[in-house]
Each structure stands twice: as structure tokens, then as C-alpha cells.
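Reviewing the structure listed below.
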Amino acid sequence: MDAIIRTTSLCKAYGAQMAVDGLDLFIKPGAAVGLLGPNGAGKSTTINMLLGLASPTTGTVSVLGMDPALEGASVRQRVGYVPERHHIYGWMTVEDVLGFTRSFYPTWNDTLCEDLVRQYALPPGKKVKQLSQGMGTKLSLILALAHEPELLILDEPTTGLDPIARDEFVEAVGHLLDRYEKTILFSSHNLGDVERIADTIAIMDEGKLLAQRPKTELIQSTKRIRVSLNKPNGKPESPDETILSELEGLEWSLTMSGWSPEKLARLQQVEDVDSVQVSDMALEDIFRDYIRGRRTA
Ligand code: ATP
């Protein structure tokens, strides 16, 4: 199957700083990908390169079969984008903004736009600067959607929203995904939002992709393992697919992806291992351990 988004060895340097460092991303049609990463991980820089708003230092990018560095305007015509901070003219009314944006898109769907304005209860005559932050984010979402894009890219859209506005926004995106077959790339710090929307999780840190897997598979196959050792012989060698390994006294704590009963049996046979306890992990803990594991490796 062709990718909607594919990057190969993608790098973006700002001086000596590698904002994106060898990123290989493959997103297939219909996927809802949650891009997770701490501050400065390179999420926005990646999104900017996907939209042709920043050019790669090295590597390649393909979005809907196009190179955004060469065909940025065509990519942006076919992608719905909700930026981290929306830049809508505050003096315009909701109605004016919709009419203004409509003029840029031959594919604009008036019925869809009206439906969404009604559904989100946006007051058409109100000035943008008088909208609450949650309302403003919903307006951004309508602007991104009404031209019926094949791909939706949301860059931390819930940042700055209160929990109620955030819930409403996440619900709105969830409804959209149920109603229309869309591919969506959604970056966030908020694990709860990502968990509700995404079917695939991508984790980035320091410009690198640490994991990209279906959400259920990631959650089901990543385990925290507590191993009690019977002799203080230092940290045993970590098994394959260990994300994080920490030793405190005789307690060896491991986080492993790709967990299986065979791995448990193998671990139980390691010299000096007394007992092994395996527990499930929440997405938030998995994310945290990927980041800690990389930083302490
Ligand atoms: P956040 O979650 O805080 O928004 P992020 O994951 O989106 O972070 P980026 O904004 O892509 O991360 O930034 C990645 C790195 O690149 C950071 O160290 C940032 O300081 C740096 N950076 C981003 N844009 C620029 C720029 N225009 N000039 C110089 N450095 C930049």
C-alpha cells in the first residue's frame, strides 16, 4: 500500500542543533497517528517539513505523492492543517473568516462547513478575537476540514485548552474520524488525547523516532518487569527490545517491548535471577520509559 506520508532519513539542522535527525516515517491511508514527544523533540519541525513550511537539510519527504519542498502550495491545498497557535485575523467575524478561506479552496464544501459550524455552536457574527480559546480551536478545525482534505495534520491543537474545551475538541475529532475516512497525524503532549484519537503511536525524542506501532500492539506488548536477583553481581545483560533497564540493590527493573512468554522463560533462566514479576503499562508510562531509556542509555 502506498504511504500518504513517507520520510526517509529526514534531517533538519538549525546551526549545530539537529531538530530532526534521520526520521523514517511511514503513514498509510486511513491511519490516525498520534505523534508523541517531549518539548523540543522535533514534532513541529517535522510537521513544517511535511507542509513545505520548512525545507529539509537532508533526506526526502513525500506527502500524497508530492515533495512539499517543491510543491508546498499543492500539498497545502490537499492537507487540512491545524497549527499549534491559530493565526486567524481577530477583527474578522467567524462568517468573514469562513468566506475568506473558502476563496482559496476550489474543493470547499459549503454543506460540510455549515454542518460543522452548527455542530460546534460557533456564533457566525462574532469576531474571532471574542471567541474563547476552545471556540477558536474549533474554528481552526473547520477551516482545516471544510475543503475536504485527504489528510489532516494537527500540531498540538489542545495546548492551552481547559479540560472541558479539550474534551469537546477531542470528541469533535473523534466524530470526524467516525464519519469520514481520513488520515490524521496529531502531535500532542497530552497522552489522554492521543490515546482517544490515535490508532497508531509514534514516539519522538531529540529528532529521532523511537517507536511507531499500532496503539493496542504497543500497549499489549510493552511490559514492566521486576526481577529480584539473589546476588549483587551488577546489572545483567539486558534482553533484546529492552527500552529501559535500572538496577537498585537486588531489584532489577526492565521495560521491554515485544514481550512474550518465551522471553519470560528465558529471563527466569538467567543466572542469579530469583523471581520475575510482569505488569501491564499505561501509555503514559510507556512513553515516559522510552524517553528515560534513551536519555539514560
Ligand atoms: P514542543 O512540544 O515544545 O512544541 P517540538 O517537539 O514541536 O516541541 P520543535 O519545535 O520541532 O519541537 O523543535 C525542535 C528543536 O529545534 C528545538 O530544540 C528547537 O529549539 C529547535 N528549533 C525549532 N525551530 C527552530 C528555528 N526556527 N530556529 C532554530 N531552532 C529551532
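By order of appearance in the C-alpha cells: chains A, B, ..., then residues from 1 within every chain, and ligands from 1 in the order shown.
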
Proximity of chain A to ligand 1: per-residue shortest pair, 7 Å limit, only C-alpha atoms and all ligand atoms, as CSV:
residue,atom,partner,partner_atom_place_in_ligand_line,distance
A:Tyr14,CA,ligand 1,29 (C),4.9
A:Gln17,CA,ligand 1,16 (O),6.8
A:Met18,CA,ligand 1,16 (O),6.8
A:Ala19,CA,ligand 1,16 (O),3.9
A:Val20,CA,ligand 1,14 (C),7.0
A:Gly37,CA,ligand 1,6 (O),5.8
A:Pro38,CA,ligand 1,2 (O),5.6
A:Asn39,CA,ligand 1,3 (O),3.4
A:Gly40,CA,ligand 1,12 (O),3.4
A:Ala41,CA,ligand 1,6 (O),3.6
A:Gly42,CA,ligand 1,11 (O),3.2
A:Lys43,CA,ligand 1,6 (O),3.8
A:Ser44,CA,ligand 1,7 (O),3.6
A:Thr45,CA,ligand 1,11 (O),3.7
A:Thr46,CA,ligand 1,11 (O),6.4
A:His189,CA,ligand 1,2 (O),6.7
A:Gly207,CA,ligand 1,14 (C),6.9

Worksheet item: Residues at most 9 Å from region 55-70 of chain A, counting only C-alpha atoms, excluding those fewer than 3 positions away in the same chain, as a PyMOL selection string?
Response: chain A and resi 2-14+20+22-23+48-52+73-76+78-79+150-151

Hey, what's within 9 Å of Leu218 (chain A) if we count only C-alpha atoms and toss same-chain stuff fewer than 4 positions away? As an mmCIF file with N, CA and C atoms, in the first residue's frame, please?
data_model
loop_
_atom_site.group_PDB
_atom_site.id
_atom_site.type_symbol
_atom_site.label_atom_id
_atom_site.label_comp_id
_atom_site.auth_asym_id
_atom_site.auth_seq_id
_atom_site.Cartn_x
_atom_site.Cartn_y
_atom_site.Cartn_z
ATOM 1 N N THR A 200 -2.481 4.526 15.970
ATOM 2 C CA THR A 200 -1.046 4.243 15.848
ATOM 3 C C THR A 200 -0.291 5.289 16.662
ATOM 4 N N ILE A 201 0.756 4.854 17.340
ATOM 5 C CA ILE A 201 1.533 5.781 18.163
ATOM 6 C C ILE A 201 2.952 5.888 17.597
ATOM 7 N N ALA A 211 9.791 4.869 18.346
ATOM 8 C CA ALA A 211 8.846 3.767 18.121
ATOM 9 C C ALA A 211 7.733 4.252 17.217
ATOM 10 N N GLN A 212 7.204 3.351 16.399
ATOM 11 C CA GLN A 212 5.963 3.623 15.663
ATOM 12 C C GLN A 212 5.232 2.305 15.530
ATOM 13 N N ARG A 213 4.124 2.175 16.269
ATOM 14 C CA ARG A 213 3.408 0.887 16.273
ATOM 15 C C ARG A 213 1.914 1.109 16.475
ATOM 16 N N PRO A 214 1.094 0.128 16.049
ATOM 17 C CA PRO A 214 -0.329 0.223 16.380
ATOM 18 C C PRO A 214 -0.486 0.355 17.891
ATOM 19 N N THR A 222 4.167 -4.103 25.550
ATOM 20 C CA THR A 222 5.201 -3.433 26.350
ATOM 21 C C THR A 222 4.897 -3.701 27.818
ATOM 22 N N SER A 257 9.716 -3.978 25.121
ATOM 23 C CA SER A 257 8.670 -4.056 24.089
ATOM 24 C C SER A 257 8.756 -5.467 23.512
ATOM 25 N N GLY A 258 7.773 -5.884 22.750
ATOM 26 C CA GLY A 258 7.815 -7.221 22.142
ATOM 27 C C GLY A 258 7.853 -8.316 23.186
ATOM 28 N N LEU A 283 -0.182 3.854 28.588
ATOM 29 C CA LEU A 283 0.545 4.532 27.505
ATOM 30 C C LEU A 283 1.473 5.615 28.055
ATOM 31 N N ILE A 286 4.605 4.047 29.281
ATOM 32 C CA ILE A 286 5.397 3.538 28.143
ATOM 33 C C ILE A 286 6.149 4.707 27.503
#

Worksheet item: In Å, with one decimal, what is the gap from CA of Ala121 (chain A) to CA of Leu141 (chain A)?
Response: 13.2 Å

Practice prompt. Determine which residues of region 131-232 of chain A DSSP labels as alpha helix (DSSP H) from the backbone of this structure, then write them out as a ChimeraX atom specification.
Written response: /A:133-145,163-179,191-197,215-221

Worksheet entry | Spatial neighbours of Val278 (chain A), 10 Å, only C-alpha atoms, chain gap at least 3 places, as a PyMOL selection string | chain A and resi 223-227+254-255+259+264+281

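CA of Thr107 (chain A) lies 21.8 Å from CA of Thr137 (chain A).
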
Discussion item. With DSSP run on the backbone, what are the strand (DSSP E or B) residues within region 3-96 of chain A? I'd like them as number ranges by chain.
Written reply: A: 5-14, 17-27, 32-36, 58-63, 66, 79-82, 93

What does the file look like for those residues with N, CA, C and O atoms, as a compact mmCIF listing (two decimals), in the first residue's frame?
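Output contents, as saved in again_0.txt:
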# COMPACT_ATOMS: atom_id res chain seq x y z
N ILE A 5 2.11 9.58 3.89
CA ILE A 5 3.30 10.34 4.30
C ILE A 5 4.46 9.36 4.37
O ILE A 5 4.33 8.29 4.96
N ARG A 6 5.56 9.74 3.75
CA ARG A 6 6.76 8.92 3.91
C ARG A 6 7.97 9.86 4.00
O ARG A 6 8.13 10.76 3.16
N THR A 7 8.76 9.68 5.04
CA THR A 7 10.02 10.42 5.11
C THR A 7 11.15 9.39 5.18
O THR A 7 10.98 8.32 5.75
N THR A 8 12.25 9.72 4.55
CA THR A 8 13.40 8.82 4.56
C THR A 8 14.63 9.59 5.01
O THR A 8 14.98 10.60 4.40
N SER A 9 15.24 9.12 6.09
CA SER A 9 16.47 9.73 6.64
C SER A 9 16.33 11.25 6.70
O SER A 9 17.26 11.98 6.37
N LEU A 10 15.17 11.71 7.11
CA LEU A 10 14.90 13.15 7.10
C LEU A 10 15.65 13.88 8.23
O LEU A 10 15.57 13.47 9.38
N CYS A 11 16.36 14.94 7.86
CA CYS A 11 17.10 15.73 8.86
C CYS A 11 16.82 17.21 8.65
O CYS A 11 16.68 17.68 7.53
N LYS A 12 16.74 17.92 9.79
CA LYS A 12 16.68 19.38 9.73
C LYS A 12 17.63 19.91 10.79
O LYS A 12 17.47 19.62 11.98
N ALA A 13 18.61 20.67 10.33
CA ALA A 13 19.57 21.26 11.27
C ALA A 13 19.30 22.75 11.37
O ALA A 13 19.02 23.41 10.37
N TYR A 14 19.33 23.27 12.61
CA TYR A 14 19.34 24.72 12.82
C TYR A 14 20.71 25.00 13.42
O TYR A 14 20.93 24.73 14.60
N GLN A 17 22.32 22.49 15.87
CA GLN A 17 21.22 21.74 16.51
C GLN A 17 20.46 20.90 15.48
O GLN A 17 19.96 21.43 14.48
N MET A 18 20.39 19.57 15.71
CA MET A 18 19.59 18.71 14.82
C MET A 18 18.17 18.66 15.37
O MET A 18 17.89 17.96 16.34
N ALA A 19 17.28 19.41 14.76
CA ALA A 19 15.88 19.41 15.24
C ALA A 19 15.20 18.11 14.83
O ALA A 19 14.38 17.57 15.57
N VAL A 20 15.53 17.60 13.64
CA VAL A 20 15.05 16.30 13.18
C VAL A 20 16.28 15.56 12.67
O VAL A 20 17.10 16.11 11.95
N ASP A 21 16.40 14.29 13.10
CA ASP A 21 17.69 13.62 12.92
C ASP A 21 17.51 12.19 12.39
O ASP A 21 17.43 11.24 13.16
N GLY A 22 17.35 12.08 11.07
CA GLY A 22 17.28 10.74 10.46
C GLY A 22 15.91 10.09 10.64
O GLY A 22 15.83 8.91 10.98
N LEU A 23 14.86 10.84 10.38
CA LEU A 23 13.50 10.36 10.64
C LEU A 23 12.96 9.54 9.45
O LEU A 23 12.90 10.02 8.33
N ASP A 24 12.54 8.29 9.75
CA ASP A 24 11.88 7.44 8.75
C ASP A 24 10.45 7.23 9.22
O ASP A 24 10.22 6.49 10.17
N LEU A 25 9.53 7.89 8.56
CA LEU A 25 8.13 7.82 8.98
C LEU A 25 7.33 7.26 7.82
O LEU A 25 7.53 7.65 6.67
N PHE A 26 6.41 6.32 8.11
CA PHE A 26 5.56 5.75 7.06
C PHE A 26 4.13 5.77 7.58
O PHE A 26 3.83 5.13 8.59
N ILE A 27 3.27 6.52 6.93
CA ILE A 27 1.88 6.60 7.39
C ILE A 27 0.96 6.19 6.25
O ILE A 27 0.98 6.77 5.16
N ALA A 32 -4.71 6.88 11.98
CA ALA A 32 -4.81 8.03 12.89
C ALA A 32 -3.58 7.94 13.79
O ALA A 32 -3.52 7.14 14.73
N VAL A 33 -2.58 8.73 13.44
CA VAL A 33 -1.28 8.61 14.10
C VAL A 33 -1.10 9.69 15.15
O VAL A 33 -1.24 10.89 14.85
N GLY A 34 -0.83 9.30 16.37
CA GLY A 34 -0.51 10.23 17.44
C GLY A 34 0.99 10.36 17.54
O GLY A 34 1.69 9.37 17.78
N LEU A 35 1.49 11.57 17.31
CA LEU A 35 2.94 11.80 17.37
C LEU A 35 3.26 12.39 18.74
O LEU A 35 2.88 13.53 19.04
N LEU A 36 3.93 11.59 19.55
CA LEU A 36 4.24 11.99 20.93
C LEU A 36 5.69 12.37 21.05
O LEU A 36 6.56 11.72 20.45
N THR A 58 18.68 17.42 4.85
CA THR A 58 18.93 16.24 4.01
C THR A 58 17.75 15.29 4.16
O THR A 58 16.93 15.44 5.06
N GLY A 59 17.71 14.27 3.31
CA GLY A 59 16.64 13.27 3.37
C GLY A 59 15.48 13.66 2.46
O GLY A 59 15.51 14.70 1.81
N THR A 60 14.48 12.77 2.40
CA THR A 60 13.36 13.01 1.49
C THR A 60 12.03 12.99 2.23
O THR A 60 11.89 12.35 3.27
N VAL A 61 11.07 13.71 1.66
CA VAL A 61 9.71 13.76 2.20
C VAL A 61 8.74 13.57 1.04
O VAL A 61 8.90 14.20 0.00
N SER A 62 7.74 12.72 1.26
CA SER A 62 6.67 12.62 0.28
C SER A 62 5.34 12.70 1.01
O SER A 62 5.12 11.99 2.00
N VAL A 63 4.47 13.60 0.58
CA VAL A 63 3.13 13.75 1.17
C VAL A 63 2.13 13.68 0.01
O VAL A 63 2.23 14.47 -0.93
N MET A 66 3.62 13.87 -3.27
CA MET A 66 4.32 15.10 -3.71
C MET A 66 5.49 15.42 -2.77
O MET A 66 5.50 14.98 -1.62
N VAL A 79 -4.15 19.27 2.15
CA VAL A 79 -3.99 18.88 3.55
C VAL A 79 -4.75 19.87 4.43
O VAL A 79 -4.70 21.08 4.18
N GLY A 80 -5.44 19.37 5.43
CA GLY A 80 -6.06 20.24 6.43
C GLY A 80 -5.08 20.38 7.58
O GLY A 80 -4.59 19.37 8.11
N TYR A 81 -4.77 21.61 7.96
CA TYR A 81 -3.72 21.82 8.97
C TYR A 81 -4.27 22.67 10.11
O TYR A 81 -4.81 23.75 9.88
N VAL A 82 -4.15 22.16 11.32
CA VAL A 82 -4.49 22.95 12.49
C VAL A 82 -3.18 23.23 13.23
O VAL A 82 -2.57 22.31 13.80
N THR A 93 -15.20 38.47 11.54
CA THR A 93 -16.19 37.62 12.20
C THR A 93 -15.96 36.18 11.73
O THR A 93 -15.27 35.94 10.73

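For the pair CA of Asn190 (chain A) and CA of Gly174 (chain A), the interatomic distance is 15.4 Å.
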
Discussion item. So that I can check the surroundings of Ala146 (chain A), please list as a list in words every protein, DNA and RNA residue that reaches within 8 Å of it, counting only C-alpha atoms and ignoring chain neighbours fewer than 3 positions away.
Written reply: Trp108, Asn109, Asp110, Leu112, Cys113, Ile142, Leu143 and Pro149 of chain A

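Those residues that approach Pro124 (chain A) to within 6 Å, counting only C-alpha atoms, are Val94, Glu95 and Lys126 of chain A; same-chain residues fewer than 2 positions away are not listed.
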
Discussion item. I'd like the neighbourhood of Asp96 (chain A) as a PyMOL selection string, where a residue qualifies if any of its atoms comes within 9 Å (using only C-alpha atoms), though same-chain residues fewer than 3 positions away should be ignored.
Written reply: chain A and resi 92-93+99-101+124-125+127

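Distances here use only C-alpha atoms; by that measure, the residue among A:Glu171, A:Glu262, A:Asp289, A:Glu251 closest to Asp274 (chain A) is A:Glu251.
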
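Shortest atom-to-atom contact with Ser140 (chain A) among A:Tyr180, A:Tyr89, A:Tyr105, A:Phe287: A:Tyr89, counting only C-alpha atoms.
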